[in-house]
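Content type mmCIF, N, CA and C atoms, from the file start.cif:
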data_my_file
#
loop_
_atom_site.label_atom_id
_atom_site.label_comp_id
_atom_site.auth_asym_id
_atom_site.auth_seq_id
_atom_site.Cartn_x
_atom_site.Cartn_y
_atom_site.Cartn_z
N MET A 1 -24.29 23.72 -0.44
CA MET A 1 -24.48 22.47 -1.14
C MET A 1 -23.28 22.18 -2.04
N ALA A 2 -22.87 20.94 -2.09
CA ALA A 2 -21.73 20.54 -2.89
C ALA A 2 -22.12 20.41 -4.36
N GLY A 3 -21.25 20.88 -5.23
CA GLY A 3 -21.50 20.75 -6.66
C GLY A 3 -20.74 19.59 -7.27
N TRP A 4 -19.65 19.20 -6.64
CA TRP A 4 -18.80 18.11 -7.14
C TRP A 4 -18.58 17.10 -6.03
N PHE A 5 -18.38 15.85 -6.41
CA PHE A 5 -18.20 14.77 -5.44
C PHE A 5 -17.00 13.92 -5.81
N VAL A 6 -16.33 13.43 -4.78
CA VAL A 6 -15.30 12.40 -4.93
C VAL A 6 -15.96 11.12 -4.43
N TYR A 7 -15.77 10.02 -5.15
CA TYR A 7 -16.40 8.76 -4.76
C TYR A 7 -15.43 7.60 -4.91
N LEU A 8 -15.69 6.54 -4.15
CA LEU A 8 -14.93 5.30 -4.27
C LEU A 8 -15.89 4.16 -4.53
N ILE A 9 -15.51 3.29 -5.46
CA ILE A 9 -16.30 2.11 -5.81
C ILE A 9 -15.44 0.89 -5.55
N ARG A 10 -16.05 -0.11 -4.91
CA ARG A 10 -15.35 -1.38 -4.67
C ARG A 10 -15.77 -2.38 -5.74
N THR A 11 -14.78 -3.06 -6.33
CA THR A 11 -15.06 -4.08 -7.33
C THR A 11 -15.27 -5.43 -6.64
N HIS A 12 -15.68 -6.41 -7.43
CA HIS A 12 -15.88 -7.76 -6.91
C HIS A 12 -14.61 -8.31 -6.25
N SER A 13 -13.45 -7.97 -6.81
CA SER A 13 -12.18 -8.48 -6.28
C SER A 13 -11.68 -7.69 -5.07
N GLY A 14 -12.37 -6.59 -4.71
CA GLY A 14 -11.98 -5.81 -3.55
C GLY A 14 -11.15 -4.57 -3.88
N SER A 15 -10.84 -4.37 -5.16
CA SER A 15 -10.10 -3.17 -5.56
C SER A 15 -10.99 -1.94 -5.35
N LEU A 16 -10.33 -0.80 -5.12
CA LEU A 16 -11.07 0.45 -4.96
C LEU A 16 -10.75 1.39 -6.11
N TYR A 17 -11.79 1.91 -6.74
CA TYR A 17 -11.68 2.86 -7.85
C TYR A 17 -12.12 4.22 -7.34
N THR A 18 -11.36 5.26 -7.63
CA THR A 18 -11.67 6.62 -7.19
C THR A 18 -12.03 7.48 -8.40
N GLY A 19 -13.08 8.30 -8.26
CA GLY A 19 -13.48 9.18 -9.35
C GLY A 19 -14.14 10.44 -8.83
N VAL A 20 -14.45 11.36 -9.75
CA VAL A 20 -15.16 12.60 -9.42
C VAL A 20 -16.35 12.75 -10.37
N THR A 21 -17.39 13.40 -9.89
CA THR A 21 -18.59 13.62 -10.70
C THR A 21 -19.44 14.70 -10.06
N ARG A 22 -20.42 15.18 -10.81
CA ARG A 22 -21.42 16.09 -10.26
C ARG A 22 -22.64 15.31 -9.78
N ASP A 23 -22.85 14.10 -10.28
CA ASP A 23 -24.03 13.30 -9.96
C ASP A 23 -23.59 11.86 -9.68
N VAL A 24 -23.45 11.54 -8.41
CA VAL A 24 -22.90 10.23 -8.01
C VAL A 24 -23.82 9.09 -8.46
N GLU A 25 -25.12 9.22 -8.28
CA GLU A 25 -26.05 8.14 -8.66
C GLU A 25 -25.96 7.83 -10.15
N ARG A 26 -25.98 8.89 -10.98
CA ARG A 26 -25.90 8.70 -12.42
C ARG A 26 -24.57 8.05 -12.81
N ARG A 27 -23.48 8.55 -12.24
CA ARG A 27 -22.16 8.02 -12.60
C ARG A 27 -22.00 6.57 -12.17
N PHE A 28 -22.50 6.23 -10.99
CA PHE A 28 -22.41 4.84 -10.51
C PHE A 28 -23.22 3.94 -11.44
N ALA A 29 -24.39 4.40 -11.87
CA ALA A 29 -25.22 3.61 -12.79
C ALA A 29 -24.48 3.40 -14.12
N GLU A 30 -23.76 4.41 -14.59
CA GLU A 30 -22.97 4.27 -15.81
C GLU A 30 -21.88 3.21 -15.64
N HIS A 31 -21.19 3.28 -14.51
CA HIS A 31 -20.13 2.28 -14.24
C HIS A 31 -20.74 0.88 -14.14
N ASN A 32 -21.85 0.77 -13.45
CA ASN A 32 -22.50 -0.52 -13.24
C ASN A 32 -22.98 -1.15 -14.54
N SER A 33 -23.40 -0.30 -15.48
CA SER A 33 -23.92 -0.82 -16.75
C SER A 33 -22.82 -1.41 -17.62
N GLY A 34 -21.59 -0.94 -17.42
CA GLY A 34 -20.48 -1.43 -18.24
C GLY A 34 -20.53 -0.88 -19.66
N GLY A 35 -21.37 0.11 -19.89
CA GLY A 35 -21.54 0.68 -21.22
C GLY A 35 -20.38 1.58 -21.63
N PRO A 36 -20.56 2.32 -22.72
CA PRO A 36 -19.48 3.14 -23.26
C PRO A 36 -19.03 4.28 -22.34
N LYS A 37 -19.89 4.71 -21.42
CA LYS A 37 -19.49 5.79 -20.50
C LYS A 37 -18.87 5.26 -19.22
N ALA A 38 -18.85 3.95 -19.04
CA ALA A 38 -18.24 3.35 -17.84
C ALA A 38 -16.72 3.44 -17.94
N ALA A 39 -16.07 3.57 -16.80
CA ALA A 39 -14.61 3.57 -16.78
C ALA A 39 -14.11 2.21 -17.25
N LYS A 40 -13.14 2.22 -18.13
CA LYS A 40 -12.60 0.95 -18.65
C LYS A 40 -12.05 0.09 -17.52
N ALA A 41 -11.52 0.74 -16.49
CA ALA A 41 -10.95 0.01 -15.35
C ALA A 41 -11.99 -0.80 -14.59
N LEU A 42 -13.27 -0.45 -14.76
CA LEU A 42 -14.33 -1.14 -14.02
C LEU A 42 -15.12 -2.14 -14.86
N ARG A 43 -14.95 -2.11 -16.17
CA ARG A 43 -15.71 -3.01 -17.04
C ARG A 43 -15.36 -4.47 -16.75
N GLY A 44 -16.41 -5.27 -16.54
CA GLY A 44 -16.22 -6.69 -16.28
C GLY A 44 -15.70 -6.99 -14.89
N ARG A 45 -15.74 -6.01 -13.98
CA ARG A 45 -15.21 -6.22 -12.63
C ARG A 45 -16.30 -6.19 -11.57
N GLY A 46 -17.55 -6.34 -12.00
CA GLY A 46 -18.69 -6.27 -11.08
C GLY A 46 -18.91 -7.57 -10.36
N PRO A 47 -19.82 -7.59 -9.40
CA PRO A 47 -20.68 -6.46 -9.06
C PRO A 47 -19.89 -5.36 -8.35
N LEU A 48 -20.33 -4.14 -8.58
CA LEU A 48 -19.69 -2.97 -7.99
C LEU A 48 -20.52 -2.46 -6.83
N SER A 49 -19.85 -1.83 -5.87
CA SER A 49 -20.59 -1.20 -4.77
C SER A 49 -19.98 0.17 -4.49
N LEU A 50 -20.85 1.14 -4.33
CA LEU A 50 -20.43 2.49 -3.98
C LEU A 50 -20.16 2.50 -2.49
N VAL A 51 -18.91 2.74 -2.09
CA VAL A 51 -18.55 2.62 -0.68
C VAL A 51 -18.21 3.95 -0.02
N PHE A 52 -18.07 5.02 -0.82
CA PHE A 52 -17.72 6.32 -0.24
C PHE A 52 -18.10 7.43 -1.22
N GLN A 53 -18.59 8.54 -0.66
CA GLN A 53 -18.79 9.75 -1.45
C GLN A 53 -18.67 10.95 -0.53
N CYS A 54 -18.13 12.03 -1.09
CA CYS A 54 -17.91 13.22 -0.29
C CYS A 54 -18.08 14.45 -1.17
N GLY A 55 -18.90 15.39 -0.74
CA GLY A 55 -19.12 16.62 -1.48
C GLY A 55 -17.93 17.56 -1.37
N MET A 56 -17.64 18.24 -2.47
CA MET A 56 -16.55 19.19 -2.51
C MET A 56 -17.08 20.55 -2.95
N ARG A 57 -16.35 21.61 -2.65
CA ARG A 57 -16.80 22.96 -2.97
C ARG A 57 -16.63 23.30 -4.45
N SER A 58 -15.66 22.67 -5.12
CA SER A 58 -15.42 23.01 -6.53
C SER A 58 -14.86 21.80 -7.27
N LYS A 59 -14.88 21.87 -8.59
CA LYS A 59 -14.29 20.81 -9.41
C LYS A 59 -12.80 20.71 -9.12
N SER A 60 -12.14 21.84 -8.99
CA SER A 60 -10.71 21.85 -8.71
C SER A 60 -10.40 21.12 -7.41
N ASP A 61 -11.17 21.40 -6.36
CA ASP A 61 -10.97 20.72 -5.07
C ASP A 61 -11.21 19.22 -5.20
N ALA A 62 -12.24 18.85 -5.96
CA ALA A 62 -12.56 17.44 -6.15
C ALA A 62 -11.42 16.73 -6.88
N LEU A 63 -10.89 17.34 -7.93
CA LEU A 63 -9.80 16.72 -8.69
C LEU A 63 -8.52 16.60 -7.86
N LYS A 64 -8.26 17.61 -7.03
CA LYS A 64 -7.08 17.55 -6.15
C LYS A 64 -7.21 16.42 -5.15
N LEU A 65 -8.38 16.29 -4.54
CA LEU A 65 -8.58 15.21 -3.56
C LEU A 65 -8.54 13.85 -4.25
N GLU A 66 -9.14 13.73 -5.42
CA GLU A 66 -9.09 12.47 -6.17
C GLU A 66 -7.64 12.06 -6.41
N ALA A 67 -6.82 12.99 -6.88
CA ALA A 67 -5.41 12.69 -7.16
C ALA A 67 -4.69 12.26 -5.89
N GLU A 68 -5.00 12.92 -4.78
CA GLU A 68 -4.36 12.57 -3.51
C GLU A 68 -4.76 11.16 -3.06
N ILE A 69 -6.06 10.87 -3.12
CA ILE A 69 -6.54 9.55 -2.70
C ILE A 69 -5.93 8.45 -3.57
N LYS A 70 -5.79 8.70 -4.86
CA LYS A 70 -5.21 7.70 -5.77
C LYS A 70 -3.76 7.37 -5.40
N ARG A 71 -3.08 8.29 -4.73
CA ARG A 71 -1.69 8.04 -4.30
C ARG A 71 -1.62 7.30 -2.97
N TRP A 72 -2.71 7.22 -2.25
CA TRP A 72 -2.72 6.57 -0.94
C TRP A 72 -2.56 5.06 -1.07
N PRO A 73 -1.94 4.43 -0.08
CA PRO A 73 -1.93 2.95 -0.06
C PRO A 73 -3.34 2.45 0.26
N LYS A 74 -3.60 1.21 -0.08
CA LYS A 74 -4.96 0.66 0.08
C LYS A 74 -5.45 0.75 1.52
N HIS A 75 -4.59 0.52 2.50
CA HIS A 75 -5.06 0.54 3.90
C HIS A 75 -5.59 1.92 4.29
N LYS A 76 -5.01 2.99 3.73
CA LYS A 76 -5.51 4.33 4.04
C LYS A 76 -6.85 4.57 3.34
N LYS A 77 -7.03 4.05 2.13
CA LYS A 77 -8.32 4.16 1.44
C LYS A 77 -9.39 3.40 2.23
N GLU A 78 -9.03 2.24 2.77
CA GLU A 78 -9.98 1.46 3.58
C GLU A 78 -10.37 2.23 4.83
N GLN A 79 -9.41 2.94 5.42
CA GLN A 79 -9.71 3.78 6.59
C GLN A 79 -10.73 4.85 6.21
N LEU A 80 -10.56 5.45 5.03
CA LEU A 80 -11.48 6.47 4.56
C LEU A 80 -12.89 5.90 4.38
N VAL A 81 -12.97 4.71 3.82
CA VAL A 81 -14.26 4.05 3.62
C VAL A 81 -14.92 3.82 4.98
N GLN A 82 -14.15 3.36 5.96
CA GLN A 82 -14.69 3.08 7.30
C GLN A 82 -15.08 4.36 8.05
N SER A 83 -14.24 5.39 7.96
CA SER A 83 -14.45 6.62 8.72
C SER A 83 -15.43 7.57 8.07
N GLY A 84 -15.51 7.54 6.75
CA GLY A 84 -16.36 8.48 6.04
C GLY A 84 -15.68 9.83 5.90
N PRO A 85 -16.43 10.83 5.44
CA PRO A 85 -15.87 12.16 5.19
C PRO A 85 -15.24 12.82 6.41
N ALA A 86 -15.60 12.38 7.61
CA ALA A 86 -15.02 12.97 8.82
C ALA A 86 -13.50 12.83 8.84
N MET A 87 -12.97 11.81 8.18
CA MET A 87 -11.51 11.61 8.12
C MET A 87 -10.85 12.76 7.36
N LEU A 88 -11.62 13.46 6.52
CA LEU A 88 -11.07 14.53 5.69
C LEU A 88 -11.35 15.92 6.25
N VAL A 89 -11.73 16.00 7.50
CA VAL A 89 -12.17 17.27 8.09
C VAL A 89 -11.12 18.38 7.93
N ASP A 90 -9.84 18.04 7.90
CA ASP A 90 -8.79 19.05 7.76
C ASP A 90 -8.46 19.35 6.30
N TYR A 91 -9.09 18.64 5.38
CA TYR A 91 -8.81 18.86 3.97
C TYR A 91 -9.55 20.10 3.48
N GLN A 92 -8.82 21.04 2.91
CA GLN A 92 -9.43 22.27 2.41
C GLN A 92 -10.25 21.96 1.16
N GLY A 93 -11.43 22.51 1.09
CA GLY A 93 -12.27 22.31 -0.08
C GLY A 93 -13.39 21.33 0.14
N ILE A 94 -13.38 20.62 1.28
CA ILE A 94 -14.45 19.66 1.55
C ILE A 94 -15.72 20.42 1.94
N SER A 95 -16.84 19.89 1.58
CA SER A 95 -18.13 20.50 1.87
C SER A 95 -18.89 19.58 2.82
N LEU A 96 -18.61 19.73 4.12
CA LEU A 96 -19.28 18.91 5.14
C LEU A 96 -20.64 19.49 5.46
N PRO A 97 -21.64 18.62 5.72
CA PRO A 97 -22.97 19.14 6.10
C PRO A 97 -22.89 19.92 7.39
N SER A 98 -23.69 20.97 7.50
CA SER A 98 -23.66 21.82 8.71
C SER A 98 -24.39 21.15 9.85
#

Will you turn the file into structure tokens for me?
Amino acid sequence: MAGWFVYLIRTHSGSLYTGVTRDVERRFAEHNSGGPKAAKALRGRGPLSLVFQCGMRSKSDALKLEAEIKRWPKHKKEQLVQSGPAMLVDYQGISLPS
């Protein structure tokens, strides 16, 4: 079972935000609320939609993948959203369901 997750959220304007968390549902609700725990980059940019999530084996692996995805051009992030975690099958640290 994955303890950490990498996720992507799409804003109303189509931008993609990448983050890591232990609880995707809770974190998405925080972002959606626009409250003090929401990412400043997402405040006032709703409605938001969770478009991708992937379990990772450790926090370190999740942070490494997050940093890598943030460096990708938008078209590659869109490919990830369309393909799902299967696109990351060669990435070390991913926790794919058996």

Taking only N, CA and C atoms into account, which of A:Asp23, A:Trp72, A:Met56, A:Thr11 comes nearest A:Leu42?
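Closest to A:Leu42 of all the choices is A:Thr11.
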
Of the candidates A:Gln92, A:Tyr17, A:Arg10, A:Pro85, which shows the shortest atom-to-atom distance to A:Ser49, using only N, CA and C atoms?
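The closest residue to A:Ser49 is A:Arg10.
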
Result set of the PyMOL selection byres (((chain A and resi 32-35 and name CA) around 10) and name CA) on the coordinates above, as a VMD selection string
chain A and resid 26 to 31 36 to 40 42 to 50

Gap from atom C of A:Ala86 to atom C of A:Arg57 - Å, one decimal
17.2 Å

The residues within 12 Å of (-15.8, 2.7, 5.4), using only C-alpha atoms and the coordinates of the file, should be reported as a PDB file with N, CA and C atoms, in the frame of the given file; which are they?
ATOM      1  N   TYR A   7     -15.770  10.020  -5.150  1.00  0.00           N
ATOM      2  CA  TYR A   7     -16.400   8.760  -4.760  1.00  0.00           C
ATOM      3  C   TYR A   7     -15.430   7.600  -4.910  1.00  0.00           C
ATOM      4  N   LEU A   8     -15.690   6.540  -4.150  1.00  0.00           N
ATOM      5  CA  LEU A   8     -14.930   5.300  -4.270  1.00  0.00           C
ATOM      6  C   LEU A   8     -15.890   4.160  -4.530  1.00  0.00           C
ATOM      7  N   ILE A   9     -15.510   3.290  -5.460  1.00  0.00           N
ATOM      8  CA  ILE A   9     -16.300   2.110  -5.810  1.00  0.00           C
ATOM      9  C   ILE A   9     -15.440   0.890  -5.550  1.00  0.00           C
ATOM     10  N   ARG A  10     -16.050  -0.110  -4.910  1.00  0.00           N
ATOM     11  CA  ARG A  10     -15.350  -1.380  -4.670  1.00  0.00           C
ATOM     12  C   ARG A  10     -15.770  -2.380  -5.740  1.00  0.00           C
ATOM     13  N   LEU A  16     -10.330  -0.800  -5.120  1.00  0.00           N
ATOM     14  CA  LEU A  16     -11.070   0.450  -4.960  1.00  0.00           C
ATOM     15  C   LEU A  16     -10.750   1.390  -6.110  1.00  0.00           C
ATOM     16  N   SER A  49     -19.850  -1.830  -5.870  1.00  0.00           N
ATOM     17  CA  SER A  49     -20.590  -1.200  -4.770  1.00  0.00           C
ATOM     18  C   SER A  49     -19.980   0.170  -4.490  1.00  0.00           C
ATOM     19  N   LEU A  50     -20.850   1.140  -4.330  1.00  0.00           N
ATOM     20  CA  LEU A  50     -20.430   2.490  -3.980  1.00  0.00           C
ATOM     21  C   LEU A  50     -20.160   2.500  -2.490  1.00  0.00           C
ATOM     22  N   VAL A  51     -18.910   2.740  -2.090  1.00  0.00           N
ATOM     23  CA  VAL A  51     -18.550   2.620  -0.680  1.00  0.00           C
ATOM     24  C   VAL A  51     -18.210   3.950  -0.020  1.00  0.00           C
ATOM     25  N   PHE A  52     -18.070   5.020  -0.820  1.00  0.00           N
ATOM     26  CA  PHE A  52     -17.720   6.320  -0.240  1.00  0.00           C
ATOM     27  C   PHE A  52     -18.100   7.430  -1.220  1.00  0.00           C
ATOM     28  N   GLN A  53     -18.590   8.540  -0.660  1.00  0.00           N
ATOM     29  CA  GLN A  53     -18.790   9.750  -1.450  1.00  0.00           C
ATOM     30  C   GLN A  53     -18.670  10.950  -0.530  1.00  0.00           C
ATOM     31  N   HIS A  75      -4.590   0.520   2.500  1.00  0.00           N
ATOM     32  CA  HIS A  75      -5.060   0.540   3.900  1.00  0.00           C
ATOM     33  C   HIS A  75      -5.590   1.920   4.290  1.00  0.00           C
ATOM     34  N   LYS A  76      -5.010   2.990   3.730  1.00  0.00           N
ATOM     35  CA  LYS A  76      -5.510   4.330   4.040  1.00  0.00           C
ATOM     36  C   LYS A  76      -6.850   4.570   3.340  1.00  0.00           C
ATOM     37  N   LYS A  77      -7.030   4.050   2.130  1.00  0.00           N
ATOM     38  CA  LYS A  77      -8.320   4.160   1.440  1.00  0.00           C
ATOM     39  C   LYS A  77      -9.390   3.400   2.230  1.00  0.00           C
ATOM     40  N   GLU A  78      -9.030   2.240   2.770  1.00  0.00           N
ATOM     41  CA  GLU A  78      -9.980   1.460   3.580  1.00  0.00           C
ATOM     42  C   GLU A  78     -10.370   2.230   4.830  1.00  0.00           C
ATOM     43  N   GLN A  79      -9.410   2.940   5.420  1.00  0.00           N
ATOM     44  CA  GLN A  79      -9.710   3.780   6.590  1.00  0.00           C
ATOM     45  C   GLN A  79     -10.730   4.850   6.210  1.00  0.00           C
ATOM     46  N   LEU A  80     -10.560   5.450   5.030  1.00  0.00           N
ATOM     47  CA  LEU A  80     -11.480   6.470   4.560  1.00  0.00           C
ATOM     48  C   LEU A  80     -12.890   5.900   4.380  1.00  0.00           C
ATOM     49  N   VAL A  81     -12.970   4.710   3.820  1.00  0.00           N
ATOM     50  CA  VAL A  81     -14.260   4.050   3.620  1.00  0.00           C
ATOM     51  C   VAL A  81     -14.920   3.820   4.980  1.00  0.00           C
ATOM     52  N   GLN A  82     -14.150   3.360   5.960  1.00  0.00           N
ATOM     53  CA  GLN A  82     -14.690   3.080   7.300  1.00  0.00           C
ATOM     54  C   GLN A  82     -15.080   4.360   8.050  1.00  0.00           C
ATOM     55  N   SER A  83     -14.240   5.390   7.960  1.00  0.00           N
ATOM     56  CA  SER A  83     -14.450   6.620   8.720  1.00  0.00           C
ATOM     57  C   SER A  83     -15.430   7.570   8.070  1.00  0.00           C
ATOM     58  N   GLY A  84     -15.510   7.540   6.750  1.00  0.00           N
ATOM     59  CA  GLY A  84     -16.360   8.480   6.040  1.00  0.00           C
ATOM     60  C   GLY A  84     -15.680   9.830   5.900  1.00  0.00           C
ATOM     61  N   PRO A  85     -16.430  10.830   5.440  1.00  0.00           N
ATOM     62  CA  PRO A  85     -15.870  12.160   5.190  1.00  0.00           C
ATOM     63  C   PRO A  85     -15.240  12.820   6.410  1.00  0.00           C
ATOM     64  N   ALA A  86     -15.600  12.380   7.610  1.00  0.00           N
ATOM     65  CA  ALA A  86     -15.020  12.970   8.820  1.00  0.00           C
ATOM     66  C   ALA A  86     -13.500  12.830   8.840  1.00  0.00           C
ATOM     67  N   MET A  87     -12.970  11.810   8.180  1.00  0.00           N
ATOM     68  CA  MET A  87     -11.510  11.610   8.120  1.00  0.00           C
ATOM     69  C   MET A  87     -10.850  12.760   7.360  1.00  0.00           C
TER      70      MET A  87
END
